[in-house]
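protein15.cif, holding mmCIF, C-alpha atoms, pLDDT in the B column; chains and numbers go by the auth columns:
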```cif
data_model
loop_
_atom_site.group_PDB
_atom_site.id
_atom_site.type_symbol
_atom_site.label_atom_id
_atom_site.label_comp_id
_atom_site.label_asym_id
_atom_site.label_seq_id
_atom_site.Cartn_x
_atom_site.Cartn_y
_atom_site.Cartn_z
_atom_site.B_iso_or_equiv
_atom_site.auth_seq_id
_atom_site.auth_asym_id
ATOM 1 C CA LEU A 1 44.245 17.249 -2.707 74.00 269 A
ATOM 2 C CA GLU A 2 42.991 15.385 -5.773 76.00 270 A
ATOM 3 C CA TYR A 3 41.343 12.810 -3.514 76.00 271 A
ATOM 4 C CA ILE A 4 39.661 15.530 -1.436 76.00 272 A
ATOM 5 C CA LYS A 5 38.396 17.282 -4.579 73.00 273 A
ATOM 6 C CA ARG A 6 37.042 14.050 -6.016 73.00 274 A
ATOM 7 C CA GLU A 7 35.324 13.001 -2.799 75.00 275 A
ATOM 8 C CA SER A 8 33.961 16.523 -2.277 78.00 276 A
ATOM 9 C CA ALA A 9 32.422 16.427 -5.726 75.00 277 A
ATOM 10 C CA ASN A 10 30.843 13.040 -4.934 80.00 278 A
ATOM 11 C CA ILE A 11 29.457 14.311 -1.636 80.00 279 A
ATOM 12 C CA VAL A 12 28.034 17.421 -3.292 79.00 280 A
ATOM 13 C CA GLY A 13 26.426 15.269 -5.980 78.00 281 A
ATOM 14 C CA GLN A 14 24.893 12.947 -3.392 81.00 282 A
ATOM 15 C CA ILE A 15 23.567 15.905 -1.383 83.00 283 A
ATOM 16 C CA GLN A 16 22.031 17.387 -4.524 82.00 284 A
ATOM 17 C CA GLY A 17 20.408 14.044 -5.318 80.00 285 A
ATOM 18 C CA ILE A 18 18.974 13.769 -1.801 82.00 286 A
ATOM 19 C CA ILE A 19 17.643 17.335 -1.922 85.00 287 A
ATOM 20 C CA THR A 20 16.087 16.669 -5.329 83.00 288 A
ATOM 21 C CA GLN A 21 14.364 13.548 -4.037 79.00 289 A
ATOM 22 C CA ILE A 22 13.072 15.380 -0.950 80.00 290 A
ATOM 23 C CA VAL A 23 11.733 18.275 -3.028 82.00 291 A
ATOM 24 C CA GLY A 24 10.124 15.831 -5.465 79.00 292 A
ATOM 25 C CA PHE A 25 8.510 13.890 -2.634 73.00 293 A
ATOM 26 C CA VAL A 26 7.149 17.055 -0.993 78.00 294 A
ATOM 27 C CA PHE A 27 5.805 18.289 -4.349 83.00 295 A
ATOM 28 C CA LYS A 28 4.079 14.960 -5.078 80.00 296 A
ATOM 29 C CA PHE A 29 2.728 14.775 -1.535 75.00 297 A
ATOM 30 C CA PHE A 30 1.079 18.199 -1.701 82.00 298 A
ATOM 31 C CA LEU A 31 -0.096 17.517 -5.259 83.00 299 A
ATOM 32 C CA VAL A 32 -1.889 14.384 -4.054 77.00 300 A
ATOM 33 C CA LEU A 33 -3.408 16.365 -1.165 79.00 301 A
ATOM 34 C CA MET A 34 -4.655 19.055 -3.567 84.00 302 A
ATOM 35 C CA ILE A 35 -6.173 16.518 -5.967 81.00 303 A
ATOM 36 C CA THR A 36 -7.802 14.684 -3.054 77.00 304 A
ATOM 37 C CA ALA A 37 -9.245 17.952 -1.718 80.00 305 A
ATOM 38 C CA PHE A 38 -10.708 18.864 -5.137 79.00 306 A
ATOM 39 C CA ILE A 39 -12.239 15.380 -5.474 74.00 307 A
ATOM 40 C CA LEU A 40 -13.803 15.575 -2.010 74.00 308 A
ATOM 41 C CA VAL A 41 -15.224 19.044 -2.672 77.00 309 A
ATOM 42 C CA ASP A 42 -16.650 18.210 -6.111 75.00 310 A
ATOM 43 C CA THR A 43 -17.563 14.564 -5.565 73.00 311 A
ATOM 44 C CA LYS A 44 -21.150 15.050 -6.713 76.00 312 A
ATOM 45 C CA ARG A 45 -20.157 16.926 -9.876 78.00 313 A
ATOM 46 C CA ILE A 46 -17.572 14.276 -10.752 75.00 314 A
ATOM 47 C CA LYS A 47 -20.116 11.506 -10.188 74.00 315 A
ATOM 48 C CA ASP A 48 -22.718 13.349 -12.291 76.00 316 A
ATOM 49 C CA PHE A 49 -20.157 13.726 -15.085 76.00 317 A
ATOM 50 C CA PHE A 50 -19.504 9.980 -15.196 73.00 318 A
ATOM 51 C CA PHE A 51 -23.241 9.302 -15.055 74.00 319 A
ATOM 52 C CA SER A 52 -23.653 11.512 -18.134 75.00 320 A
ATOM 53 C CA LEU A 53 -21.362 9.160 -20.077 73.00 321 A
ATOM 54 C CA VAL A 54 -23.664 6.147 -19.701 73.00 322 A
ATOM 55 C CA SER A 55 -27.158 5.533 -21.011 71.00 323 A
ATOM 56 C CA ILE A 56 -30.184 5.933 -18.764 72.00 324 A
ATOM 57 C CA LYS A 57 -30.836 2.179 -18.592 71.00 325 A
ATOM 58 C CA ASP A 58 -27.250 1.537 -17.436 70.00 326 A
ATOM 59 C CA LYS A 59 -27.153 4.230 -14.746 73.00 327 A
ATOM 60 C CA ARG A 60 -28.370 1.888 -12.024 76.00 328 A
ATOM 61 C CA ARG A 61 -25.780 -0.713 -12.971 76.00 329 A
ATOM 62 C CA PHE A 62 -23.077 1.969 -13.130 76.00 330 A
ATOM 63 C CA ASP A 63 -24.065 3.248 -9.671 76.00 331 A
ATOM 64 C CA GLY A 64 -23.676 -0.262 -8.317 77.00 332 A
ATOM 65 C CA PHE A 65 -20.292 -0.515 -10.044 78.00 333 A
ATOM 66 C CA LEU A 66 -19.084 2.677 -8.328 77.00 334 A
ATOM 67 C CA GLY A 67 -20.421 1.379 -5.029 77.00 335 A
ATOM 68 C CA ARG A 68 -18.454 -1.865 -5.390 78.00 336 A
ATOM 69 C CA ILE A 69 -15.264 0.060 -6.188 80.00 337 A
ATOM 70 C CA ASP A 70 -15.812 2.227 -3.105 77.00 338 A
ATOM 71 C CA THR A 71 -16.436 -0.849 -0.961 78.00 339 A
ATOM 72 C CA GLY A 72 -13.305 -2.601 -2.261 77.00 340 A
ATOM 73 C CA LEU A 73 -11.013 0.389 -1.761 78.00 341 A
ATOM 74 C CA SER A 74 -12.463 1.094 1.678 79.00 342 A
ATOM 75 C CA GLY A 75 -11.819 -2.533 2.604 77.00 343 A
ATOM 76 C CA VAL A 76 -8.213 -2.276 1.420 77.00 344 A
ATOM 77 C CA VAL A 77 -7.616 0.855 3.503 79.00 345 A
ATOM 78 C CA ARG A 78 -9.286 -0.548 6.634 80.00 346 A
ATOM 79 C CA GLY A 79 -7.473 -3.860 6.337 78.00 347 A
ATOM 80 C CA GLN A 80 -4.067 -2.299 5.774 78.00 348 A
ATOM 81 C CA LEU A 81 -4.452 0.165 8.666 82.00 349 A
ATOM 82 C CA LEU A 82 -5.442 -2.693 10.976 83.00 350 A
ATOM 83 C CA ILE A 83 -2.396 -4.693 9.875 81.00 351 A
ATOM 84 C CA CYS A 84 -0.164 -1.643 10.493 83.00 352 A
ATOM 85 C CA LEU A 85 -1.553 -1.219 14.003 88.00 353 A
ATOM 86 C CA ILE A 86 -1.095 -4.889 14.912 87.00 354 A
ATOM 87 C CA ASN A 87 2.423 -4.914 13.450 85.00 355 A
ATOM 88 C CA ALA A 88 3.424 -1.784 15.388 89.00 356 A
ATOM 89 C CA LEU A 89 2.027 -3.114 18.674 91.00 357 A
ATOM 90 C CA LEU A 90 3.700 -6.519 18.350 90.00 358 A
ATOM 91 C CA THR A 91 7.003 -4.903 17.366 90.00 359 A
ATOM 92 C CA PHE A 92 6.809 -2.467 20.287 92.00 360 A
ATOM 93 C CA VAL A 93 6.152 -5.271 22.788 91.00 361 A
ATOM 94 C CA GLY A 94 9.075 -7.321 21.494 90.00 362 A
ATOM 95 C CA LEU A 95 11.513 -4.400 21.514 89.00 363 A
ATOM 96 C CA LEU A 96 10.466 -3.455 25.046 90.00 364 A
ATOM 97 C CA LEU A 97 11.022 -7.010 26.280 90.00 365 A
ATOM 98 C CA LEU A 98 14.477 -7.025 24.681 87.00 366 A
ATOM 99 C CA LYS A 99 15.190 -3.537 26.128 87.00 367 A
ATOM 100 C CA ILE A 100 16.197 -2.105 22.759 87.00 368 A
ATOM 101 C CA LYS A 101 16.638 1.672 22.547 86.00 369 A
ATOM 102 C CA PHE A 102 14.155 3.849 20.662 87.00 370 A
ATOM 103 C CA SER A 103 11.529 1.086 20.862 88.00 371 A
ATOM 104 C CA PHE A 104 8.603 3.403 20.229 89.00 372 A
ATOM 105 C CA ILE A 105 10.214 5.101 17.214 88.00 373 A
ATOM 106 C CA LEU A 106 11.289 1.793 15.667 88.00 374 A
ATOM 107 C CA ALA A 107 7.849 0.268 16.252 89.00 375 A
ATOM 108 C CA THR A 108 6.200 3.322 14.697 89.00 376 A
ATOM 109 C CA LEU A 109 8.448 3.002 11.636 86.00 377 A
ATOM 110 C CA ALA A 110 7.567 -0.687 11.420 86.00 378 A
ATOM 111 C CA GLY A 111 3.874 0.182 11.480 84.00 379 A
ATOM 112 C CA ILE A 112 4.277 2.857 8.809 83.00 380 A
ATOM 113 C CA PHE A 113 6.299 0.593 6.513 80.00 381 A
ATOM 114 C CA SER A 114 3.618 -2.052 6.922 76.00 382 A
ATOM 115 C CA LEU A 115 1.523 0.107 4.606 73.00 383 A
ATOM 116 C CA ILE A 116 3.561 -1.691 1.956 67.00 384 A
ATOM 117 C CA PRO A 117 2.476 -5.326 2.433 59.00 385 A
ATOM 118 C CA ILE A 118 5.258 -7.920 2.834 59.00 386 A
ATOM 119 C CA PHE A 119 8.097 -5.759 1.432 65.00 387 A
ATOM 120 C CA GLY A 120 7.569 -2.939 3.927 69.00 388 A
ATOM 121 C CA SER A 121 8.015 -5.314 6.847 70.00 389 A
ATOM 122 C CA ILE A 122 11.342 -6.469 5.436 73.00 390 A
ATOM 123 C CA ILE A 123 12.587 -2.890 5.042 78.00 391 A
ATOM 124 C CA SER A 124 11.565 -1.953 8.595 80.00 392 A
ATOM 125 C CA THR A 125 13.750 -4.777 9.969 83.00 393 A
ATOM 126 C CA ILE A 126 16.983 -3.048 8.907 84.00 394 A
ATOM 127 C CA PRO A 127 16.937 -0.105 11.393 86.00 395 A
ATOM 128 C CA ILE A 128 15.791 -2.437 14.183 87.00 396 A
ATOM 129 C CA ALA A 129 18.749 -4.752 13.547 86.00 397 A
ATOM 130 C CA ILE A 130 21.186 -1.810 13.407 87.00 398 A
ATOM 131 C CA VAL A 131 20.010 -0.403 16.751 87.00 399 A
ATOM 132 C CA ALA A 132 19.816 -3.844 18.400 87.00 400 A
ATOM 133 C CA ILE A 133 23.340 -4.866 17.409 87.00 401 A
ATOM 134 C CA SER A 134 24.700 -1.807 19.245 84.00 402 A
ATOM 135 C CA THR A 135 23.543 -3.542 22.444 83.00 403 A
ATOM 136 C CA SER A 136 24.759 -7.059 21.682 86.00 404 A
ATOM 137 C CA PHE A 137 24.760 -9.650 18.943 87.00 405 A
ATOM 138 C CA THR A 138 22.393 -11.860 20.947 89.00 406 A
ATOM 139 C CA THR A 139 19.903 -9.005 21.318 88.00 407 A
ATOM 140 C CA CYS A 140 20.107 -8.343 17.587 87.00 408 A
ATOM 141 C CA LEU A 141 19.524 -12.030 16.810 90.00 409 A
ATOM 142 C CA LEU A 142 16.534 -12.231 19.158 90.00 410 A
ATOM 143 C CA ALA A 143 15.094 -9.004 17.701 89.00 411 A
ATOM 144 C CA VAL A 144 15.423 -10.316 14.135 88.00 412 A
ATOM 145 C CA LEU A 145 13.805 -13.613 15.142 90.00 413 A
ATOM 146 C CA TRP A 146 10.933 -11.708 16.758 90.00 414 A
ATOM 147 C CA ILE A 147 10.451 -9.606 13.623 87.00 415 A
ATOM 148 C CA VAL A 148 10.609 -12.729 11.443 85.00 416 A
ATOM 149 C CA ALA A 149 7.871 -14.278 13.595 87.00 417 A
ATOM 150 C CA ILE A 150 5.748 -11.139 13.125 84.00 418 A
ATOM 151 C CA HIS A 151 6.414 -11.257 9.374 78.00 419 A
ATOM 152 C CA ALA A 152 5.379 -14.915 9.262 79.00 420 A
ATOM 153 C CA LEU A 153 2.191 -14.100 11.141 79.00 421 A
ATOM 154 C CA GLU A 154 1.533 -11.161 8.825 74.00 422 A
ATOM 155 C CA ALA A 155 2.267 -13.063 5.605 68.00 423 A
ATOM 156 C CA ASN A 156 0.424 -16.280 6.500 69.00 424 A
ATOM 157 C CA PHE A 157 -2.523 -14.902 8.451 72.00 425 A
ATOM 158 C CA LEU A 158 -2.901 -11.125 8.672 69.00 426 A
ATOM 159 C CA ASN A 159 -2.473 -10.189 4.992 67.00 427 A
ATOM 160 C CA PRO A 160 -4.470 -13.070 3.482 65.00 428 A
ATOM 161 C CA LYS A 161 -7.171 -13.109 6.183 68.00 429 A
ATOM 162 C CA ILE A 162 -7.674 -9.416 6.962 70.00 430 A
ATOM 163 C CA MET A 163 -7.002 -8.049 3.475 67.00 431 A
ATOM 164 C CA GLY A 164 -8.865 -10.897 1.820 64.00 432 A
ATOM 165 C CA ASN A 165 -11.933 -10.452 4.007 67.00 433 A
ATOM 166 C CA ALA A 166 -11.893 -6.646 4.039 64.00 434 A
ATOM 167 C CA ALA A 167 -11.287 -6.147 0.311 64.00 435 A
ATOM 168 C CA LYS A 168 -12.853 -9.433 -0.872 68.00 436 A
ATOM 169 C CA ILE A 169 -9.669 -10.347 -2.748 73.00 437 A
ATOM 170 C CA HIS A 170 -8.162 -13.829 -2.850 71.00 438 A
ATOM 171 C CA PRO A 171 -4.755 -14.027 -1.062 70.00 439 A
ATOM 172 C CA VAL A 172 -3.070 -15.363 -4.225 74.00 440 A
ATOM 173 C CA VAL A 173 -4.218 -12.292 -6.153 78.00 441 A
ATOM 174 C CA ILE A 174 -2.842 -10.049 -3.389 75.00 442 A
ATOM 175 C CA VAL A 175 0.589 -11.711 -3.524 75.00 443 A
ATOM 176 C CA LEU A 176 0.720 -11.580 -7.337 82.00 444 A
ATOM 177 C CA ALA A 177 -0.291 -7.913 -7.329 80.00 445 A
ATOM 178 C CA LEU A 178 2.449 -7.115 -4.798 76.00 446 A
ATOM 179 C CA VAL A 179 5.124 -8.952 -6.781 80.00 447 A
ATOM 180 C CA ILE A 180 4.147 -7.267 -10.064 85.00 448 A
ATOM 181 C CA GLY A 181 3.867 -3.812 -8.498 81.00 449 A
ATOM 182 C CA LYS A 182 7.217 -4.140 -6.721 75.00 450 A
ATOM 183 C CA HIS A 183 8.945 -5.433 -9.858 80.00 451 A
ATOM 184 C CA PHE A 184 7.831 -2.641 -12.191 83.00 452 A
ATOM 185 C CA TYR A 185 7.415 0.383 -9.899 78.00 453 A
ATOM 186 C CA GLY A 186 9.343 -0.389 -6.721 74.00 454 A
ATOM 187 C CA LEU A 187 7.933 0.568 -3.319 68.00 455 A
ATOM 188 C CA VAL A 188 5.309 2.871 -4.818 71.00 456 A
ATOM 189 C CA GLY A 189 4.081 0.008 -6.970 77.00 457 A
ATOM 190 C CA ALA A 190 3.905 -2.300 -3.954 72.00 458 A
ATOM 191 C CA LEU A 191 1.967 0.338 -2.012 73.00 459 A
ATOM 192 C CA LEU A 192 -0.621 0.841 -4.773 79.00 460 A
ATOM 193 C CA ALA A 193 -0.748 -2.771 -5.979 79.00 461 A
ATOM 194 C CA VAL A 194 -3.641 -3.990 -3.832 78.00 462 A
ATOM 195 C CA PRO A 195 -5.941 -0.953 -4.410 82.00 463 A
ATOM 196 C CA ILE A 196 -5.355 -1.162 -8.169 84.00 464 A
ATOM 197 C CA ALA A 197 -5.964 -4.913 -8.102 83.00 465 A
ATOM 198 C CA SER A 198 -9.238 -4.257 -6.268 81.00 466 A
ATOM 199 C CA ILE A 199 -10.350 -1.816 -8.982 83.00 467 A
ATOM 200 C CA PHE A 200 -9.427 -4.214 -11.822 86.00 468 A
ATOM 201 C CA LEU A 201 -11.243 -7.089 -10.131 83.00 469 A
ATOM 202 C CA THR A 202 -14.352 -4.926 -9.742 82.00 470 A
ATOM 203 C CA ILE A 203 -14.206 -4.011 -13.444 83.00 471 A
ATOM 204 C CA PHE A 204 -13.694 -7.661 -14.410 85.00 472 A
ATOM 205 C CA HIS A 205 -16.660 -8.839 -12.318 79.00 473 A
ATOM 206 C CA SER A 206 -18.828 -6.075 -13.783 78.00 474 A
ATOM 207 C CA PHE A 207 -18.026 -7.152 -17.367 80.00 475 A
ATOM 208 C CA LEU A 208 -18.548 -10.777 -16.371 80.00 476 A
ATOM 209 C CA GLN A 209 -21.966 -9.999 -14.915 77.00 477 A
ATOM 210 C CA LYS A 210 -22.838 -7.983 -18.035 74.00 478 A
ATOM 211 C CA ALA A 211 -21.892 -10.940 -20.239 76.00 479 A
ATOM 212 C CA LYS A 212 -24.014 -13.301 -18.137 75.00 480 A
ATOM 213 C CA ASP A 213 -26.978 -10.932 -18.416 72.00 481 A
ATOM 214 C CA LEU A 214 -26.614 -10.832 -22.202 71.00 482 A
ATOM 215 C CA GLU A 215 -26.547 -14.627 -22.378 71.00 483 A
ATOM 216 C CA LYS A 216 -29.724 -15.108 -20.334 68.00 484 A
ATOM 217 C CA PRO A 217 -32.207 -14.544 -23.210 60.00 485 A
ATOM 218 C CA VAL A 218 -30.223 -16.929 -25.421 51.00 486 A
ATOM 219 C CA VAL A 219 -30.281 -19.627 -22.752 47.00 487 A
ATOM 220 C CA ALA A 220 -34.020 -19.120 -22.292 47.00 488 A
ATOM 221 C CA LYS A 221 -34.654 -19.855 -25.953 46.00 489 A
#
```
Now, as a test, write the supplied structure out as C-alpha cells.
Amino acid sequence: LEYIKRESANIVGQIQGIITQIVGFVFKFFLVLMITAFILVDTKRIKDFFFSLVSIKDKRRFDGFLGRIDTGLSGVVRGQLLICLINALLTFVGLLLLKIKFSFILATLAGIFSLIPIFGSIISTIPIAIVAISTSFTTCLLAVLWIVAIHALEANFLNPKIMGNAAKIHPVVIVLALVIGKHFYGLVGALLAVPIASIFLTIFHSFLQKAKDLEKPVVAK
C-alpha cells in the first residue's frame, strides 16, 4: 500500500507537470500568433515609429538597415524550410524502402524537427529507431545508418550551403550560433539561434559601414 501511494503521488506529479507544460506551450503559441498578427496589421505604424527615432539624414541608411534585416531573416526561413522538405523526403524514401511502419508520420516528424538545425535531426532519430527495432534489429540498424547519412548530408552540405547562401551567413557562424543557443536555452535557443545571429550580423555590418564612412574624410586629407 505504501508503494502504491508513493508511486501514485509520483504519477500525479508527472501528469501535473505534463499538463503545465502543455498549457504553457499553448499559451506561448497563441501569444506569438497574437503578437505576429498585431505586427502585420500595424507594420507601417511600427516602421514610422522607428523612423521617428533617427535623424532625417540617417533615414535612408536606416531604411536600408531594415531591408537587410528583412532579407537575412527571409533567407533563414526559406533555407530552413527547404532543408526540412529535403530531410522529410529523404527520410520517407528510406523508411519506405526498409518497410518501416508509420513511415509518413515519422518522416513528417523528421521534417518538423529539422527546423532545429543539427540537433533536431538527432532528436527525430529516436522515434524512428524505436519503431524500426520492433521489426528487427537489422532494420533498426539500417534505418539509423540511413538517418546518419541524411544527417551527414545535412550537416556538411545542406545547412552550410543552403543556409549560408540564403541568409548570407558563414557556415562557421551558423554552427557557433547553434552551439551557443542550445547550451544556454535548449531547443528553443537552437531554433532561434540562426535568425538572431542574422540580426546581429546585420547590426555589426551596419556599424562597420558607418565607421568606414566616418573614416573616409580623414583618409582623404
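Reported to one decimal place, the separation of CA of Leu413 in chain A from CA of Ala458 in chain A is 24.3 Å.
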Exercise. Go through A:Gly340, A:Pro463, A:Gly362, A:Gly335 one by one, measure the shortest atom-to-atom distance of each to Val416 in chain A using all atoms listed in the file, and give the residue with the smallest value.
Key: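 Closest to Val416 in chain A of all the choices is A:Gly362.
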Exercise. Mind checking which residues fall within 12 Å of Pro395 in chain A, counting all atoms listed in the file, ignoring those fewer than 3 positions away in the same chain, and posting them as a PyMOL selection string?
Key: chain A and resi 368-371+373-378+381+389-392+398-402+408+411-412+415
Self-check item: Residues matched by the PyMOL selection byres ((chain A and resi 450-456) around 12) as a ChimeraX atom specification
Solution: /A:293,381-391,443-449,457-464
Quiz prompt | Å distance separating CA of Phe372 in chain A from CA of Phe360 in chain A, one decimal place | solution = 6.1 Å
